>>> print(open('input.txt').read())   # compact mmCIF, C-alpha atoms and all ligand atoms
# COMPACT_ATOMS: atom_id res chain seq x y z
CA MET A 1 0.00 0.00 0.00
CA PRO A 2 1.55 3.35 -1.01
CA SER A 3 1.41 6.37 1.30
CA PHE A 4 -1.52 8.70 0.77
CA ASN A 5 -0.76 11.89 -1.12
CA PRO A 6 -3.73 14.21 -1.44
CA PRO A 7 -4.31 15.93 -4.80
CA SER A 8 -3.62 19.65 -4.98
CA ARG A 9 -6.87 21.59 -4.46
CA LEU A 10 -8.09 25.11 -4.09
CA LEU A 11 -10.61 24.99 -1.23
CA MET A 12 -13.43 27.44 -1.92
CA GLY A 13 -16.28 25.66 -0.22
CA PRO A 14 -17.85 26.07 3.23
CA GLY A 15 -14.73 24.69 4.98
CA PRO A 16 -12.13 23.44 5.35
CA SER A 17 -10.32 26.38 3.78
CA ASP A 18 -6.80 26.37 2.35
CA VAL A 19 -4.11 25.88 4.97
CA ALA A 20 -1.03 28.11 4.63
CA PRO A 21 2.37 26.40 4.14
CA ARG A 22 3.63 27.89 7.42
CA VAL A 23 0.77 26.17 9.27
CA LEU A 24 1.45 22.85 7.51
CA GLN A 25 5.11 23.20 8.52
CA ALA A 26 4.13 23.85 12.13
CA LEU A 27 1.99 20.68 12.12
CA ALA A 28 5.01 18.65 11.00
CA ARG A 29 7.22 19.70 13.93
CA PRO A 30 8.24 16.97 16.39
CA THR A 31 5.60 15.78 18.79
CA ILE A 32 6.43 16.43 22.45
CA GLY A 33 4.60 15.44 25.62
CA HIS A 34 1.36 17.30 26.30
CA LEU A 35 2.52 18.01 29.84
CA ASP A 36 6.02 19.08 28.76
CA PRO A 37 6.71 22.58 30.15
CA ALA A 38 7.49 23.80 26.62
CA PHE A 39 4.10 22.59 25.42
CA VAL A 40 2.31 24.06 28.43
CA ALA A 41 3.94 27.43 27.67
CA MET A 42 2.74 27.16 24.07
CA MET A 43 -0.79 26.51 25.34
CA ASP A 44 -0.69 29.68 27.41
CA ASP A 45 0.35 31.63 24.32
CA LEU A 46 -2.39 29.93 22.34
CA LYS A 47 -5.02 30.99 24.86
CA GLY A 48 -3.75 34.57 24.60
CA LEU A 49 -3.95 34.43 20.81
CA LEU A 50 -7.51 33.12 20.98
CA ARG A 51 -8.46 35.95 23.34
CA TYR A 52 -7.03 38.35 20.76
CA ALA A 53 -9.09 36.78 17.95
CA PHE A 54 -12.28 36.69 20.06
CA ARG A 55 -11.68 40.20 21.47
CA THR A 56 -12.18 39.01 25.02
CA GLU A 57 -10.49 38.95 28.38
CA ASN A 58 -12.33 35.74 29.36
CA PRO A 59 -9.88 33.48 31.24
CA LEU A 60 -11.89 30.44 30.10
CA THR A 61 -10.88 30.63 26.44
CA VAL A 62 -9.54 27.32 25.13
CA PRO A 63 -9.65 25.07 22.08
CA VAL A 64 -11.82 21.99 22.55
CA SER A 65 -10.00 18.91 21.19
CA ALA A 66 -12.63 18.13 18.57
CA PRO A 67 -14.39 19.92 15.66
CA GLY A 68 -16.85 22.80 15.80
CA SER A 69 -19.78 20.50 16.51
CA ALA A 70 -18.08 19.49 19.76
CA GLY A 71 -17.63 23.16 20.64
CA MET A 72 -21.36 23.58 20.09
CA GLU A 73 -22.12 20.65 22.36
CA THR A 74 -19.65 21.95 24.98
CA CYS A 75 -21.56 25.22 25.29
CA PHE A 76 -24.94 23.53 25.63
CA VAL A 77 -24.04 20.68 27.98
CA ASN A 78 -22.13 22.91 30.37
CA LEU A 79 -24.71 25.68 30.63
CA LEU A 80 -28.00 23.80 30.49
CA GLU A 81 -29.74 21.40 32.82
CA PRO A 82 -32.90 19.38 32.27
CA GLY A 83 -35.99 21.58 32.32
CA ASP A 84 -34.21 24.81 31.36
CA LYS A 85 -35.87 26.97 28.71
CA VAL A 86 -33.80 28.18 25.77
CA ILE A 87 -34.82 30.33 22.81
CA VAL A 88 -33.14 28.87 19.73
CA CYS A 89 -33.09 30.87 16.49
CA ILE A 90 -33.20 28.77 13.34
CA ASN A 91 -32.47 30.28 9.92
CA GLY A 92 -30.39 27.47 8.47
CA VAL A 93 -28.78 24.12 9.22
CA PHE A 94 -26.78 25.02 12.28
CA GLY A 95 -29.60 26.61 14.29
CA GLY A 96 -31.45 23.31 13.87
CA ARG A 97 -28.51 21.47 15.38
CA MET A 98 -28.52 23.84 18.35
CA ALA A 99 -32.16 22.95 19.00
CA GLU A 100 -31.27 19.25 18.83
CA ASN A 101 -28.55 19.80 21.45
CA VAL A 102 -31.04 21.54 23.75
CA ARG A 103 -33.61 18.74 23.43
CA ARG A 104 -31.10 15.97 24.09
CA ILE A 105 -30.21 17.63 27.39
CA GLY A 106 -33.87 17.43 28.39
CA ALA A 107 -34.19 21.20 28.20
CA GLU A 108 -36.98 22.99 26.34
CA ALA A 109 -36.16 24.56 22.97
CA ILE A 110 -38.41 27.51 22.13
CA LEU A 111 -37.95 27.95 18.39
CA VAL A 112 -37.79 31.25 16.54
CA GLU A 113 -37.70 30.37 12.86
CA ASP A 114 -36.80 32.50 9.89
CA PRO A 115 -36.59 31.57 6.22
CA TRP A 116 -33.29 30.24 4.93
CA GLY A 117 -31.43 33.15 3.37
CA LYS A 118 -32.74 35.69 5.91
CA PRO A 119 -31.21 36.82 9.21
CA VAL A 120 -32.73 36.18 12.63
CA ASP A 121 -35.68 38.56 13.11
CA LEU A 122 -35.20 40.55 16.32
CA ASP A 123 -38.91 41.27 16.69
CA LYS A 124 -39.71 37.56 16.73
CA VAL A 125 -37.03 36.97 19.38
CA ARG A 126 -38.44 39.79 21.49
CA ALA A 127 -41.92 38.28 21.15
CA ALA A 128 -40.57 34.87 22.23
CA PHE A 129 -39.02 36.43 25.35
CA ALA A 130 -42.30 38.24 26.09
CA ALA A 131 -44.33 35.03 25.71
CA ASN A 132 -42.05 32.85 27.87
CA SER A 133 -40.90 33.66 31.38
CA GLY A 134 -37.69 32.38 32.93
CA VAL A 135 -35.77 31.82 29.69
CA LYS A 136 -32.22 30.83 30.64
CA ALA A 137 -30.45 31.41 27.34
CA LEU A 138 -30.75 32.72 23.81
CA ALA A 139 -28.90 30.66 21.19
CA PHE A 140 -28.22 31.77 17.63
CA VAL A 141 -25.78 31.42 14.75
CA HIS A 142 -23.78 34.56 13.98
CA ALA A 143 -22.71 33.50 10.47
CA GLU A 144 -24.99 30.84 8.92
CA THR A 145 -22.67 28.91 6.64
CA SER A 146 -25.58 27.01 5.11
CA THR A 147 -27.08 30.20 3.65
CA GLY A 148 -24.38 32.90 3.72
CA VAL A 149 -26.31 35.16 6.09
CA GLU A 150 -25.05 37.27 9.00
CA SER A 151 -27.39 37.92 11.92
CA ASP A 152 -27.04 40.97 14.15
CA ALA A 153 -25.17 39.38 17.05
CA GLN A 154 -24.72 42.65 18.91
CA ALA A 155 -28.44 43.45 18.91
CA LEU A 156 -29.39 39.87 19.83
CA CYS A 157 -27.01 39.93 22.80
CA ALA A 158 -28.44 43.26 23.97
CA LEU A 159 -31.94 41.79 23.75
CA ALA A 160 -30.95 38.70 25.76
CA ARG A 161 -29.43 40.96 28.41
CA GLU A 162 -32.70 42.90 28.68
CA PHE A 163 -34.41 39.64 29.64
CA ASP A 164 -31.52 38.51 31.83
CA ALA A 165 -30.74 35.51 29.64
CA LEU A 166 -27.34 34.09 28.71
CA THR A 167 -26.24 34.10 25.08
CA ILE A 168 -24.84 31.04 23.30
CA VAL A 169 -23.37 31.99 19.94
CA ASP A 170 -22.16 29.91 16.99
CA ALA A 171 -19.13 31.80 15.69
CA VAL A 172 -17.67 28.93 13.67
CA THR A 173 -17.63 30.84 10.40
CA SER A 174 -17.54 34.39 11.76
CA LEU A 175 -14.31 34.22 13.80
CA GLY A 176 -11.51 35.91 11.83
CA GLY A 177 -13.75 36.79 8.87
CA ILE A 178 -16.14 39.48 10.11
CA PRO A 179 -16.26 41.70 13.22
CA LEU A 180 -16.92 39.64 16.35
CA GLU A 181 -16.65 41.45 19.69
CA VAL A 182 -17.14 38.97 22.50
CA ASP A 183 -16.67 41.35 25.44
CA GLN A 184 -18.15 44.46 23.88
CA TRP A 185 -21.31 42.65 22.78
CA GLY A 186 -21.55 40.67 26.02
CA ILE A 187 -21.52 37.17 24.53
CA ASP A 188 -21.60 34.60 27.35
CA ALA A 189 -20.58 31.42 25.56
CA LEU A 190 -19.40 30.88 22.02
CA TYR A 191 -17.66 28.30 19.92
CA SER A 192 -15.77 28.40 16.66
CA GLY A 193 -13.81 26.06 14.40
CA SER A 194 -10.21 25.84 13.27
CA GLN A 195 -10.93 25.16 9.58
CA LYS A 196 -12.97 28.18 8.48
CA CYS A 197 -11.54 31.71 8.62
CA LEU A 198 -8.62 30.67 10.86
CA SER A 199 -7.40 28.32 8.11
CA ALA A 200 -5.95 25.63 10.33
CA PRO A 201 -6.89 22.00 9.63
CA PRO A 202 -10.28 20.80 10.95
CA GLY A 203 -10.55 19.16 14.34
CA LEU A 204 -10.30 21.93 16.94
CA SER A 205 -12.99 24.18 18.34
CA PRO A 206 -11.99 27.38 20.16
CA ILE A 207 -14.53 28.32 22.81
CA SER A 208 -14.86 31.16 25.31
CA PHE A 209 -17.04 31.50 28.43
CA SER A 210 -17.79 34.79 30.20
CA ALA A 211 -17.69 35.18 34.00
CA ARG A 212 -21.49 34.84 34.01
CA ALA A 213 -21.26 31.60 32.07
CA VAL A 214 -18.61 30.25 34.45
CA ASP A 215 -20.83 31.17 37.42
CA THR A 216 -23.71 29.31 35.78
CA LEU A 217 -21.50 26.27 35.33
CA LYS A 218 -20.36 26.42 38.96
CA ALA A 219 -23.94 26.74 40.23
CA ARG A 220 -25.17 23.58 38.47
CA LYS A 221 -27.32 21.20 40.46
CA SER A 222 -26.58 18.21 38.22
CA PRO A 223 -23.20 17.12 36.84
CA VAL A 224 -22.51 17.85 33.17
CA GLN A 225 -23.70 14.69 31.44
CA SER A 226 -20.71 14.56 29.08
CA TRP A 227 -17.54 13.58 30.88
CA PHE A 228 -15.26 14.54 27.99
CA LEU A 229 -16.79 17.97 27.43
CA ASP A 230 -17.24 18.89 31.12
CA LEU A 231 -15.37 22.18 31.33
CA SER A 232 -14.95 21.99 35.07
CA LEU A 233 -12.67 18.99 34.41
CA VAL A 234 -11.05 20.36 31.24
CA MET A 235 -10.20 23.59 33.05
CA ASN A 236 -7.89 21.74 35.44
CA TYR A 237 -5.81 20.80 32.45
CA TRP A 238 -5.88 24.11 30.62
CA GLU A 239 -5.78 26.39 33.64
CA GLY A 240 -4.10 24.65 36.56
CA GLU A 241 -1.11 26.79 37.55
CA GLY A 242 2.09 24.81 37.67
CA ALA A 243 0.93 21.24 38.10
CA ARG A 244 -1.62 20.50 35.39
CA SER A 245 -3.68 17.43 35.85
CA TYR A 246 -4.22 14.96 33.05
CA HIS A 247 -7.66 15.02 31.48
CA HIS A 248 -7.09 13.77 27.94
CA THR A 249 -4.03 13.78 25.71
CA ALA A 250 -4.12 17.10 23.89
CA PRO A 251 -3.79 16.84 20.08
CA VAL A 252 -0.27 18.20 20.27
CA ASN A 253 0.55 18.78 16.60
CA ALA A 254 -2.94 20.03 15.75
CA LEU A 255 -2.46 22.68 18.43
CA TYR A 256 0.89 23.71 16.88
CA GLY A 257 -1.07 24.30 13.69
CA LEU A 258 -3.78 26.38 15.34
CA HIS A 259 -1.13 28.37 17.19
CA GLU A 260 0.66 29.15 13.93
CA SER A 261 -2.53 30.18 12.15
CA LEU A 262 -3.33 32.57 15.01
CA VAL A 263 0.21 33.99 14.97
CA ALA A 264 -0.37 34.70 11.25
CA LEU A 265 -3.71 36.34 12.06
CA GLN A 266 -2.11 38.52 14.70
CA GLU A 267 0.70 39.51 12.31
CA GLU A 268 -1.85 40.55 9.71
CA GLY A 269 -4.07 42.21 12.31
CA LEU A 270 -7.66 41.19 12.99
CA GLU A 271 -9.17 44.32 11.45
CA GLN A 272 -7.01 43.92 8.37
CA ALA A 273 -8.22 40.33 8.05
CA TRP A 274 -11.85 41.52 8.22
CA ALA A 275 -11.12 44.13 5.55
CA ARG A 276 -9.42 41.55 3.32
CA HIS A 277 -12.43 39.22 3.55
CA GLN A 278 -14.71 42.10 2.58
CA ALA A 279 -12.51 43.24 -0.34
CA ASN A 280 -12.27 39.74 -1.79
CA HIS A 281 -16.00 39.26 -1.45
CA VAL A 282 -16.55 42.40 -3.54
CA ARG A 283 -14.05 41.10 -6.09
CA LEU A 284 -15.90 37.79 -6.31
CA ARG A 285 -19.32 39.45 -6.51
CA ASP A 286 -18.16 41.67 -9.38
CA GLY A 287 -16.56 38.74 -11.16
CA LEU A 288 -19.71 36.65 -10.85
CA GLN A 289 -21.92 39.51 -12.00
CA GLY A 290 -19.63 39.79 -15.03
CA ILE A 291 -20.67 36.30 -16.09
CA GLY A 292 -24.33 36.79 -15.21
CA LEU A 293 -24.39 35.09 -11.81
CA GLU A 294 -26.28 36.54 -8.84
CA LEU A 295 -25.91 36.14 -5.09
CA LEU A 296 -28.87 34.79 -3.12
CA VAL A 297 -28.61 36.97 -0.01
CA GLU A 298 -29.60 40.62 0.22
CA GLU A 299 -26.46 42.78 0.29
CA ARG A 300 -26.75 44.05 3.87
CA TYR A 301 -26.87 40.54 5.37
CA ARG A 302 -24.26 38.93 3.14
CA LEU A 303 -21.31 37.11 4.65
CA PRO A 304 -18.14 38.04 2.76
CA GLN A 305 -16.61 34.67 3.61
CA LEU A 306 -19.53 32.53 2.38
CA ASN A 307 -21.20 33.46 -0.90
CA THR A 308 -24.39 31.66 -1.96
CA VAL A 309 -24.61 31.88 -5.73
CA VAL A 310 -27.93 31.26 -7.48
CA VAL A 311 -27.71 28.40 -10.00
CA PRO A 312 -29.07 29.74 -13.30
CA GLU A 313 -32.12 28.13 -14.89
CA GLY A 314 -31.24 24.96 -16.79
CA VAL A 315 -27.73 24.58 -15.36
CA ASP A 316 -26.74 21.23 -13.81
CA GLU A 317 -25.73 22.28 -10.30
CA ALA A 318 -23.85 19.10 -9.31
CA GLY A 319 -22.29 18.76 -12.77
CA VAL A 320 -20.69 22.18 -12.45
CA ARG A 321 -19.19 21.35 -9.07
CA LYS A 322 -17.87 18.09 -10.43
CA ARG A 323 -16.16 19.81 -13.35
CA MET A 324 -14.77 22.57 -11.12
CA LEU A 325 -13.06 19.88 -9.07
CA GLY A 326 -12.12 17.48 -11.85
CA GLU A 327 -10.92 20.00 -14.44
CA HIS A 328 -9.84 22.94 -12.30
CA GLN A 329 -8.96 21.42 -8.90
CA ILE A 330 -11.35 23.87 -7.21
CA GLU A 331 -13.77 22.74 -4.55
CA ILE A 332 -16.97 24.75 -4.17
CA GLY A 333 -19.90 23.78 -1.97
CA ALA A 334 -23.43 22.59 -2.67
CA GLY A 335 -26.62 24.03 -1.21
CA LEU A 336 -28.06 22.32 1.86
CA GLY A 337 -31.63 21.57 2.92
CA SER A 338 -34.17 23.77 1.15
CA LEU A 339 -31.34 25.31 -0.93
CA ALA A 340 -30.02 21.97 -2.25
CA GLY A 341 -29.70 22.11 -6.04
CA LYS A 342 -30.52 25.82 -6.08
CA VAL A 343 -27.23 27.42 -5.02
CA TRP A 344 -23.49 26.93 -4.92
CA ARG A 345 -21.60 28.02 -1.85
CA ILE A 346 -18.30 29.72 -2.55
CA GLY A 347 -16.23 30.16 0.58
CA LEU A 348 -13.61 32.88 0.81
CA MET A 349 -12.34 31.94 4.23
CA GLY A 350 -8.94 32.72 5.67
CA GLU A 351 -6.20 31.65 3.27
CA SER A 352 -8.80 31.06 0.56
CA SER A 353 -9.66 34.76 0.65
CA ARG A 354 -6.94 36.00 -1.71
CA PRO A 355 -7.48 38.02 -4.90
CA GLU A 356 -5.60 35.55 -7.11
CA LYS A 357 -7.75 32.70 -5.79
CA VAL A 358 -10.95 34.66 -6.41
CA ASP A 359 -9.81 35.28 -9.98
CA ARG A 360 -8.93 31.63 -10.51
CA CYS A 361 -12.36 30.60 -9.29
CA VAL A 362 -14.21 33.08 -11.51
CA MET A 363 -12.14 32.05 -14.54
CA ALA A 364 -12.85 28.38 -13.91
CA LEU A 365 -16.60 29.04 -13.53
CA THR A 366 -16.53 31.07 -16.74
CA ALA A 367 -14.98 28.12 -18.56
CA VAL A 368 -17.24 25.47 -17.03
CA LEU A 369 -20.42 27.47 -17.69
CA GLY A 370 -19.19 28.34 -21.19
CA ARG A 371 -19.79 32.05 -20.69
C1 LIG A 401 -18.77 24.22 10.04
C2 LIG A 401 -19.80 24.72 11.01
C3 LIG A 401 -20.12 24.02 12.19
C4 LIG A 401 -19.60 22.65 12.50
O1 LIG A 401 -18.24 22.59 12.57
P1 LIG A 401 -17.52 21.15 12.38
O2 LIG A 401 -16.08 21.49 12.56
O3 LIG A 401 -17.88 20.70 11.00
O4 LIG A 401 -18.04 20.24 13.41
C5 LIG A 401 -21.01 24.60 13.05
N1 LIG A 401 -21.58 25.79 12.79
C6 LIG A 401 -21.32 26.48 11.67
C7 LIG A 401 -21.97 27.80 11.44
C8 LIG A 401 -20.42 25.97 10.75
O5 LIG A 401 -20.14 26.65 9.63
>>> encode(input="input.txt", output="structure tokens")
Amino acid sequence: MPSFNPPSRLLMGPGPSDVAPRVLQALARPTIGHLDPAFVAMMDDLKGLLRYAFRTENPLTVPVSAPGSAGMETCFVNLLEPGDKVIVCINGVFGGRMAENVRRIGAEAILVEDPWGKPVDLDKVRAAFAANSGVKALAFVHAETSTGVESDAQALCALAREFDALTIVDAVTSLGGIPLEVDQWGIDALYSGSQKCLSAPPGLSPISFSARAVDTLKARKSPVQSWFLDLSLVMNYWEGEGARSYHHTAPVNALYGLHESLVALQEEGLEQAWARHQANHVRLRDGLQGIGLELLVEERYRLPQLNTVVVPEGVDEAGVRKRMLGEHQIEIGAGLGSLAGKVWRIGLMGESSRPEKVDRCVMALTAVLGR
């Protein structure tokens, strides 16, 4: 059996995004013990870098050793107990998964639904708070990767605060791509992913908990039902001064990779990264318009890092994706759920958000569509 050598691809789908050579090099450095003082020092730096990216001072800011979905589950299992009431906003795939997390805990999910392709409607959320007393948390997706829509996280957090509820925010696709202000907006718990705008390989989920969220965790009546994701145990490993206790073996090399991608982000500057994502989105939009393609989402709610492109009448949606990959080595994404077959999803996340990559993608689409 020969070794596996992946083909060369340009990753312009909904994640993973292209990983920079410097991050790949970091991943290939020698593995050391996860309790080695040198590794522990790297973890402290990594936490600082994550606080920079999240714009927070939260001490409990760590990468969960598993993908974004595990970060999602971490937030829900640590903050909720059976019987709690949670307002869950659904305007795409990932809001639906949040509701499923709530239900599996034995908590009550109060759904606020909006059409796919639209942001969360603040008036509906306000009405849900008014109609239900004692809501413990409001959960929503900041950047819906399934539709390419941004919801107003700042306003939603302010609304939750008015009703004294915690906020649980999916920032998997927003972190590093669009403004995200954890402390300023008062987000209580959020999770992200390594493979979207941070452009590290998949498999890690940065999370951050506010002081209020930590107090909620400490005041639990029942133990967190997931042993692996119980932050009160994980914290002893990530936070214990000096002697750190063993919880699980940290994915040592994967963390080197995340560390390097965050060093790159800090070198570029977070605001510069946001501006780059926006500029390349405009470049893509103009290029697509030049060949008669339109974006699904209204301009003011569009995510620069995830562009949903309307498949023109009579065009074979899956066939185009297949040819993009087979003939041009470019991966673009399919539509999900109610948008399946109707849109392509072109991701301009992290390292994939570069002008030359945008141009390559538009040129390939031009050729494949014969325009
Ligand atoms: C990708 C994604 C997830 C899930 O992350 P995984 O790493 O695939 O588990 C969750 N929420 C959103 C908005 C995403 O884009």
>>> atom_distance(input="input.txt", atom1="CA of Gly13 in chain A", atom2="CA of Val368 in chain A")
16.8 Å
>>> residues_around(input="input.txt", residues="Arg276 in chain A", least_positions_apart="6", cutoff="12 Å", atoms="all atoms listed in the file", output="mmCIF file with C-alpha atoms, in the frame of the given file")
data_model
loop_
_atom_site.group_PDB
_atom_site.id
_atom_site.type_symbol
_atom_site.label_atom_id
_atom_site.label_comp_id
_atom_site.auth_asym_id
_atom_site.auth_seq_id
_atom_site.Cartn_x
_atom_site.Cartn_y
_atom_site.Cartn_z
ATOM 1 C CA GLY A 176 -11.510 35.910 11.830
ATOM 2 C CA GLY A 177 -13.750 36.790 8.870
ATOM 3 C CA ILE A 178 -16.140 39.480 10.110
ATOM 4 C CA CYS A 197 -11.540 31.710 8.620
ATOM 5 C CA LEU A 265 -3.710 36.340 12.060
ATOM 6 C CA GLU A 268 -1.850 40.550 9.710
ATOM 7 C CA GLY A 269 -4.070 42.210 12.310
ATOM 8 C CA LEU A 270 -7.660 41.190 12.990
ATOM 9 C CA VAL A 282 -16.550 42.400 -3.540
ATOM 10 C CA ARG A 283 -14.050 41.100 -6.090
ATOM 11 C CA PRO A 304 -18.140 38.040 2.760
ATOM 12 C CA GLN A 305 -16.610 34.670 3.610
ATOM 13 C CA LEU A 348 -13.610 32.880 0.810
ATOM 14 C CA MET A 349 -12.340 31.940 4.230
ATOM 15 C CA GLY A 350 -8.940 32.720 5.670
ATOM 16 C CA GLU A 351 -6.200 31.650 3.270
ATOM 17 C CA SER A 352 -8.800 31.060 0.560
ATOM 18 C CA SER A 353 -9.660 34.760 0.650
ATOM 19 C CA ARG A 354 -6.940 36.000 -1.710
ATOM 20 C CA PRO A 355 -7.480 38.020 -4.900
#
>>> closest_residue(input="input.txt", among="A:Ala38, A:Val182, A:Leu306, A:Leu27", to="ligand LIG 401 (chain A)", atoms="only C-alpha atoms and all ligand atoms")
A:Leu306
>>> residues_near_point(input="input.txt", point="(-29.9, 17.9, 25.0)", cutoff="12 Å", atoms="only C-alpha atoms", output="NGL selection string")
:A and (72-86 or 97-109 or 224-226)
>>> write_last_selection(input="input.txt", atoms="C-alpha atoms", output="PDB file, in the coordinates of the input")
ATOM      1  CA  MET A  72     -21.360  23.580  20.090  1.00  0.00           C
ATOM      2  CA  GLU A  73     -22.120  20.650  22.360  1.00  0.00           C
ATOM      3  CA  THR A  74     -19.650  21.950  24.980  1.00  0.00           C
ATOM      4  CA  CYS A  75     -21.560  25.220  25.290  1.00  0.00           C
ATOM      5  CA  PHE A  76     -24.940  23.530  25.630  1.00  0.00           C
ATOM      6  CA  VAL A  77     -24.040  20.680  27.980  1.00  0.00           C
ATOM      7  CA  ASN A  78     -22.130  22.910  30.370  1.00  0.00           C
ATOM      8  CA  LEU A  79     -24.710  25.680  30.630  1.00  0.00           C
ATOM      9  CA  LEU A  80     -28.000  23.800  30.490  1.00  0.00           C
ATOM     10  CA  GLU A  81     -29.740  21.400  32.820  1.00  0.00           C
ATOM     11  CA  PRO A  82     -32.900  19.380  32.270  1.00  0.00           C
ATOM     12  CA  GLY A  83     -35.990  21.580  32.320  1.00  0.00           C
ATOM     13  CA  ASP A  84     -34.210  24.810  31.360  1.00  0.00           C
ATOM     14  CA  LYS A  85     -35.870  26.970  28.710  1.00  0.00           C
ATOM     15  CA  VAL A  86     -33.800  28.180  25.770  1.00  0.00           C
ATOM     16  CA  ARG A  97     -28.510  21.470  15.380  1.00  0.00           C
ATOM     17  CA  MET A  98     -28.520  23.840  18.350  1.00  0.00           C
ATOM     18  CA  ALA A  99     -32.160  22.950  19.000  1.00  0.00           C
ATOM     19  CA  GLU A 100     -31.270  19.250  18.830  1.00  0.00           C
ATOM     20  CA  ASN A 101     -28.550  19.800  21.450  1.00  0.00           C
ATOM     21  CA  VAL A 102     -31.040  21.540  23.750  1.00  0.00           C
ATOM     22  CA  ARG A 103     -33.610  18.740  23.430  1.00  0.00           C
ATOM     23  CA  ARG A 104     -31.100  15.970  24.090  1.00  0.00           C
ATOM     24  CA  ILE A 105     -30.210  17.630  27.390  1.00  0.00           C
ATOM     25  CA  GLY A 106     -33.870  17.430  28.390  1.00  0.00           C
ATOM     26  CA  ALA A 107     -34.190  21.200  28.200  1.00  0.00           C
ATOM     27  CA  GLU A 108     -36.980  22.990  26.340  1.00  0.00           C
ATOM     28  CA  ALA A 109     -36.160  24.560  22.970  1.00  0.00           C
ATOM     29  CA  VAL A 224     -22.510  17.850  33.170  1.00  0.00           C
ATOM     30  CA  GLN A 225     -23.700  14.690  31.440  1.00  0.00           C
ATOM     31  CA  SER A 226     -20.710  14.560  29.080  1.00  0.00           C
TER      32      SER A 226
END
>>> atom_distance(input="input.txt", atom1="CA of Phe129 in chain A", atom2="CA of Val149 in chain A")
23.1 Å
>>> residues_around(input="input.txt", residues="Arg323 in chain A", least_positions_apart="3", cutoff="12 Å", atoms="all atoms listed in the file", output="JSON, numbers by chain")
{"A": [316, 317, 318, 319, 320, 326, 327, 328, 329, 330, 331, 332, 364, 365, 366, 367, 368, 369, 370]}
>>> decode(input="input.txt", residues="range 298-302 of chain A", atoms="all heavy atoms", output="compact mmCIF listing (two decimals), in the first residue's frame")
# COMPACT_ATOMS: atom_id res chain seq x y z
N GLU A 298 -29.54 39.17 0.31
CA GLU A 298 -29.60 40.62 0.22
C GLU A 298 -28.28 41.22 0.72
O GLU A 298 -27.73 40.75 1.71
CB GLU A 298 -30.74 41.07 1.15
CG GLU A 298 -31.45 42.32 0.73
CD GLU A 298 -32.57 42.61 1.72
OE1 GLU A 298 -33.37 41.68 2.00
OE2 GLU A 298 -32.62 43.74 2.22
N GLU A 299 -27.81 42.26 0.06
CA GLU A 299 -26.46 42.78 0.29
C GLU A 299 -26.14 43.05 1.76
O GLU A 299 -25.08 42.68 2.25
CB GLU A 299 -26.25 44.06 -0.54
CG GLU A 299 -24.82 44.53 -0.48
CD GLU A 299 -24.49 45.56 -1.54
OE1 GLU A 299 -25.33 45.83 -2.42
OE2 GLU A 299 -23.37 46.10 -1.46
N ARG A 300 -27.09 43.64 2.50
CA ARG A 300 -26.75 44.05 3.87
C ARG A 300 -26.58 42.88 4.84
O ARG A 300 -26.05 43.06 5.94
CB ARG A 300 -27.78 45.05 4.41
CG ARG A 300 -29.18 44.53 4.39
CD ARG A 300 -30.18 45.69 4.53
NE ARG A 300 -31.51 45.23 4.20
CZ ARG A 300 -32.57 45.45 4.94
NH1 ARG A 300 -32.46 46.13 6.07
NH2 ARG A 300 -33.75 45.01 4.57
N TYR A 301 -27.04 41.69 4.47
CA TYR A 301 -26.87 40.54 5.37
C TYR A 301 -25.82 39.56 4.87
O TYR A 301 -25.63 38.50 5.47
CB TYR A 301 -28.18 39.75 5.51
CG TYR A 301 -29.39 40.58 5.83
CD1 TYR A 301 -30.52 40.52 5.02
CD2 TYR A 301 -29.40 41.42 6.94
CE1 TYR A 301 -31.64 41.28 5.32
CE2 TYR A 301 -30.51 42.18 7.24
CZ TYR A 301 -31.64 42.11 6.41
OH TYR A 301 -32.73 42.86 6.72
N ARG A 302 -25.17 39.88 3.76
CA ARG A 302 -24.26 38.93 3.14
C ARG A 302 -22.99 38.70 3.95
O ARG A 302 -22.37 39.65 4.41
CB ARG A 302 -23.80 39.47 1.79
CG ARG A 302 -24.66 39.06 0.66
CD ARG A 302 -24.11 39.67 -0.62
NE ARG A 302 -25.22 39.86 -1.54
CZ ARG A 302 -25.23 40.67 -2.57
NH1 ARG A 302 -24.16 41.43 -2.82
NH2 ARG A 302 -26.28 40.76 -3.35
